[in-house]
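Written out below as structure tokens is the structure these notes cover.
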Amino acid sequence: MKSIKAPIFKIVLAALFVAGAFVFFCWPYRYHLHFHEQLQMFLTTHKYFVDVAMVPGGVADYIGRFLTQFFLYPAAGAAIMALLLWAMQWLTWRVCLSHTPVAYALSFVPALLMWLFYCDENAMLSALVATDIALLAAFAIDGINSMLVRVGFWVIATPVVYMVSGPIGLVFTVIAVINELSLRQSKKIKLMLCAIAVGLIVICPYTAHNLYTYSLHRLLWGVHYMRFAAFAPTGVWIAVAAVVVVTTISRFTELRRRAIAIASVIYALIIAGGIAIILKNSDFDKERAFEFDYLARNGRWDDIVKAAAENEPHDQMSTIYKNLAFAKTGVLCDRISSSFQAGSDGLLAPFGDNFFLPFATAEAMYQLGVNKAAQRLTYEIQESIPDRQMSVRCAQRLADAAIINGEYELARKYLNTLSNTLLYRKWANERMKLIGNPSALANHRDFAAVTVVKPRTDYFITDVNFDTVLRTTLADNPNNRMMFEYLAAYYLLNQDIEKLPEIMALGSEVKYNKLPRDLEEALSLVWWHDHDSWDGIPWAISADTKGRFMEFARAYFGKNSYIPPSAANTYWGLYFK
Amino acid sequence: MTMKDTVIKYYTLGHRCFKVSVTLIFFCALLLCTACGPENVENAIAVNRQPSIFPDYIDVCVPANIAPLNFCSTDSAVMMTDVVFRDESGETLHYQTVGAIDIPVDDWHKLLAANTGKDITVEVSTRNTDGRWHSYDPFSIHVSADSIDYGLAYRLVSPGYEKYSQMGIYQRNLSNFDERAIIDNTNVEGCVNCHSFNRCDPKDMSMHVRGPHGATMLRTDGGEPQVYNTATPTTSACVYPYWHPSGKYVAYSTNTTMQAIHSTPDKVLEVFDTDSDVHVYDVDNNRLLLCPTLHRDSVMNTFPAFSPDGKWLYYCTARFAGLDSIKDIRYDILRVAFDPANGKVGTEADTVVSASGTGKSAVLPRPSFDGKHLVYTLCDYGTFPIWHHEADLWIVDLATGETRSMDAVNSSDTESYHNFSSNSRWLVFGSRRIDGRFTRAYIAHVDAQGNASKPFLLPQRDPKTYYDDQYRSYNIPEFITRPVDIDRVYLEELLLDTQRINFQADK
């Protein structure tokens, strides 16, 4: 009993917990943090504070957003997550009615449940901040000796904590009243305290409903705990309920016999159960898509190619980024058939229900130099972000797009806003120097490639005419290899290969020492559809491809559409599959 | 000592320190306030030009009951701005500030009320980074004898393509800076749009909500709002509304609208109709009266507006030229007789503005309520001029038919949606002159001859910060003679309910 109560043991356990959370968020879930960071823009202005903080739960939300901006650096983000989770555990322990070894073990349960909640990429940090604030208030009130002062304090503090933390703040009232009920009071007083607590818990959200435009449902569940207003943040409420349960049952854990053994079993169960549940609820495929997104956002095309080679992604977003990375490294039409594909939607996807996926298409369009399409998609993404926050990533891209378009006042507007952030101020000030300076723009490493494409023909860009977009831009820029390969890949993936001769003519100024492999294979197919020899073929098909095609043709056309194993990673294999 | 005791100890200590600090700061601030009055503008360098300020309120004409015209210097070298408002009698208001001046509302209104019909001279001096004061040529603000309505109602919406985030219809008191939501889409998911009032009076109001809770809210004679389904078996949902002055009819258009973005940088977006008709809704009898004159195949009619005497219905008309010829769609403004007794429209239409013949498109006709003029937007083609940089406001003298550009209000960028105040002396319109993308509300005085003064940007308490941070456009600014007193919570409940009153189509 003595040993388990020793502070060192608690410190070791807490350190293990913090280290576990840190490693989790810094390593397998590091891109999860980037996902959060890019979808908000924390401003240091007074107006931003007023806009965010002056709603129920607004201060917690403001603090959450302040901390989320540091998710730009995974180590900082992981440290923030680990410390906030540890604070929750420690405060849970401190507000327990009884400080026994078993209670200490149980105090990890709510924090682990909260950790589980944060495996969801739409769980907002404000929920954890709100919980910590509520628990801190409950802890602070515990130090007041006079019952009258204590009750007076929590009556006054309840609406304040509700405003600061939102409905999670009401857990402060619940814990405070449970604390009072555990003391030796008359039944009458206990009943009165219960009535006051219930009254406060009901009055706060109802009053807020009349003051703010939020529905009662949201004021009861929490306005900013989840990115999607339509979804109740069930996970966070389970964790908060666990706090109440743990603090309440802690008084029944004053075991005199076998306390160490019981506590050890609980520790073992919590550690094993916690790891199992968290790993089971972690979506590592999604994290992988976030990784590709992060690499693309930072222009790390070689790293994407490398990551794809090590572990081929099978989701649409990663596939778009992978193909973009192939194009940026000049191998797109060499790798169509030898890597996973998702049809032409794996090149450029129309805007759908998933607000995040269009970042990939927008990035592809931007890198292709179709700036207007990238601008439009980015704008749509900004408008689709479920919690209606401004996205720092969208603002950066919209500023860049405006600079390229020559919309300098518009660019200045976005850059002025970005200059009110902590971490993008320098970037904004650097970009400001490019406004009205075309020569600096053309030589800038971020713009040099994307500004060489000049849209000359005016036509309408829609979500369903990607081939028109690519064709027209290629016609305006006939020596643009990336555009040519994207258009070729579009037709290859749609198995629309009869259009290839046309685009070979359109992209006649694109110079190759050797045509890309998939293109050669597809062109061979096109040629042999109307001819019975290689004579007169206008494209430089290599002898190797010619030989392989003849071999494939003999196998496929001679033996009831048999695709030989040698054609597994060829365009013919993809086409006839 | 337990950890809790330690925390309490430090908490108490911290609290005491905090109290002492607050007290010290308070007394220091008091000392500073009493010791440091405005600096004297001495040995100022005379700058022989007027100051560069935002918003540009130089030589504007304003109503006496407008909110304070706070402004700031746009020169980055300016460290401090000194502004003196001086009237003919020598009365002054004097402010010295680091950013935008913040004129107290009451002081401002007193000054303006005492100078109705006269000019107020504004003297601006700045202390720049060189440490010297610089005095600029003074400019004037003319205080019109014509009053302005209580406020404005407008939609704040991101100038997006298809998706939309936070949006709402808001009302703003023009005498101060109070803004309040009439409705927004926080609780009612969807797009709220096309608010319309009867001659600026919100006792008659129409407004649409699109999306999962789609409906048209109608309110007549200051009563409770009701929600309708405006689509009928033969017509699609109603779009652009305009109230008949009697309050008995609302003219609506029904539009099949598409949009696409341009690929070249100089143009942004095209919103266009492939079909549109105009109908008149009989409010008392819940009948949508189908008008054969305004409902013809291959002809698109849209943007209806009644004349102030209620005897004419203005509208825009064009022929649909096909999806490949969007740039060839050009609208003219026509009018047709309207009989308020039975809601029937005439069979012969008069041309009010013939723009298509000159290679232009005239849309959004809005007659002044005194019946003398009609203002419209002229652009190169199409029906949605807010995305056309070349769009300008034009005015027609309805007595002579003469039409001319309103040069005083137009800029090098977009001017579009506009309407008159109830006394017809003020025109509110949207303009994208600041950044080319976000529409802002401007107000200009229009005299009885249709001559406009230089417009002024809708005043804000801290205009630079406000407009810099505002990423939503002012859409459809309309004057209102009094606050819109619809209970928002009640309206939301109505919209969230699935019950709708169906428009009945006339056979």
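Identifiers in the structure tokens: chain A, B, ... in order shown; residue index from 1 per chain; ligand index from 1 in order shown.
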Item to check | 10 Å contact set for Pro110 (chain A), only C-alpha atoms, chain neighbours under 6 positions out, as a list in words | outcome: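 Result of the neighbour search: Leu85, Met88, Gln89, Thr92, Leu116, Val236, Trp237, Ile238, Ala239, Val240, Ala241, Ala242, Val243, Val244, Val245 and Val246 of chain A.
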Resulting file, chosen residues, C-alpha atoms, as a short mmCIF file (atom, residue, chain, number, x, y, z; two decimals), in the first residue's frame:
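The file below, again-v2.cif, is the result:
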data_model
loop_
_atom_site.label_atom_id
_atom_site.label_comp_id
_atom_site.auth_asym_id
_atom_site.auth_seq_id
_atom_site.Cartn_x
_atom_site.Cartn_y
_atom_site.Cartn_z
CA LEU A 85 -4.58 14.60 -21.65
CA MET A 88 -7.26 15.76 -17.51
CA GLN A 89 -6.02 12.63 -15.77
CA THR A 92 -9.69 13.83 -12.41
CA LEU A 116 -9.81 7.71 -28.06
CA VAL A 236 -16.27 13.46 -25.48
CA TRP A 237 -19.41 13.05 -23.42
CA ILE A 238 -18.51 9.45 -22.66
CA ALA A 239 -15.12 10.68 -21.41
CA VAL A 240 -16.78 13.42 -19.35
CA ALA A 241 -19.30 10.96 -17.94
CA ALA A 242 -16.38 8.74 -17.00
CA VAL A 243 -14.92 11.64 -14.99
CA VAL A 244 -18.13 11.89 -12.98
CA VAL A 245 -18.30 8.13 -12.50
CA VAL A 246 -14.64 7.84 -11.45
#
Item to check | Residue list (alpha helix (DSSP H), DSSP) for region 156-338 of chain A, as a PyMOL selection string | outcome: chain A and resi 156-165+170-182+187-211+216-221+234-249+259-281+284-297+301-310+316-328+332-335
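Shortest separation to chain B among A:Leu398, A:Met192, A:Ala555, A:Ala489 occurs at residue A:Leu398, atoms counted being only C-alpha atoms.
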Item to check | chain B contacts on chain A, only C-alpha atoms, 7 Å, as a PyMOL selection string | outcome: chain A and resi 143+213-215+372+379-380+383-384+388+405+409-410+413+417+455-462
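For Pro455 (chain B), the residues within 7 Å (counting only C-alpha atoms, excluding itself and residues fewer than 4 positions away along the chain) are Val60, Val409, Tyr442, Ile443 and Ala444 of chain B.
CA of Val353 (chain B) lies 24.4 Å from CA of Leu290 (chain B).
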Item to check | Test item: residues at most 10 Å from region 533-546 of chain A, only C-alpha atoms, excluding those fewer than 6 positions along its chain, as a list in words | outcome: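 Surrounding residues, per the criterion: Pro501, Met504, Tyr512, Asn513, Lys514, Leu515, Pro516, Arg517, Asp518, Leu519, Glu520, Glu521, Leu523, Ser524, Trp527 and Phe552 of chain A.
Our summary of the geometry notes that CA of Met483 (chain A) is positioned 19.8 Å from CA of Ser318 (chain A).
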Item to check | Contacts of region 559-575 of chain A at 12 Å (only C-alpha atoms; same-chain gap of 3+ positions) as number ranges by chain | outcome: A: 333-343, 489, 491-497, 516-526, 545, 548-556
Next on the checklist: For Asn281 (chain A), find every residue with an atom within 10 Å (counting only C-alpha atoms), except residues of its own chain fewer than 6 positions away, and show them as a ChimeraX atom specification.
Outcome noted: /A:116-120,275
Any chance you can output those residues with N, CA, C and O atoms as a JSON list (two decimals), in the first residue's frame?
[["chain", "number", "residue", "atom", "x", "y", "z"],
["A", 116, "LEU", "N", -9.08, 8.48, -27.04],
["A", 116, "LEU", "CA", -9.81, 7.71, -28.06],
["A", 116, "LEU", "C", -10.64, 8.66, -28.94],
["A", 116, "LEU", "O", -10.69, 8.53, -30.17],
["A", 117, "PHE", "N", -11.28, 9.63, -28.30],
["A", 117, "PHE", "CA", -12.09, 10.63, -29.02],
["A", 117, "PHE", "C", -11.23, 11.36, -30.05],
["A", 117, "PHE", "O", -11.66, 11.65, -31.16],
["A", 118, "TYR", "N", -9.97, 11.61, -29.68],
["A", 118, "TYR", "CA", -9.10, 12.37, -30.58],
["A", 118, "TYR", "C", -8.47, 11.51, -31.68],
["A", 118, "TYR", "O", -7.68, 12.01, -32.47],
["A", 119, "CYS", "N", -8.85, 10.25, -31.76],
["A", 119, "CYS", "CA", -8.48, 9.46, -32.93],
["A", 119, "CYS", "C", -9.33, 9.87, -34.12],
["A", 119, "CYS", "O", -9.01, 9.55, -35.27],
["A", 120, "ASP", "N", -10.44, 10.55, -33.85],
["A", 120, "ASP", "CA", -11.31, 11.06, -34.90],
["A", 120, "ASP", "C", -10.76, 12.41, -35.36],
["A", 120, "ASP", "O", -10.54, 13.30, -34.54],
["A", 275, "ILE", "N", -4.52, 0.50, -24.91],
["A", 275, "ILE", "CA", -3.74, 0.34, -26.15],
["A", 275, "ILE", "C", -4.58, -0.36, -27.22],
["A", 275, "ILE", "O", -4.65, 0.09, -28.37]]
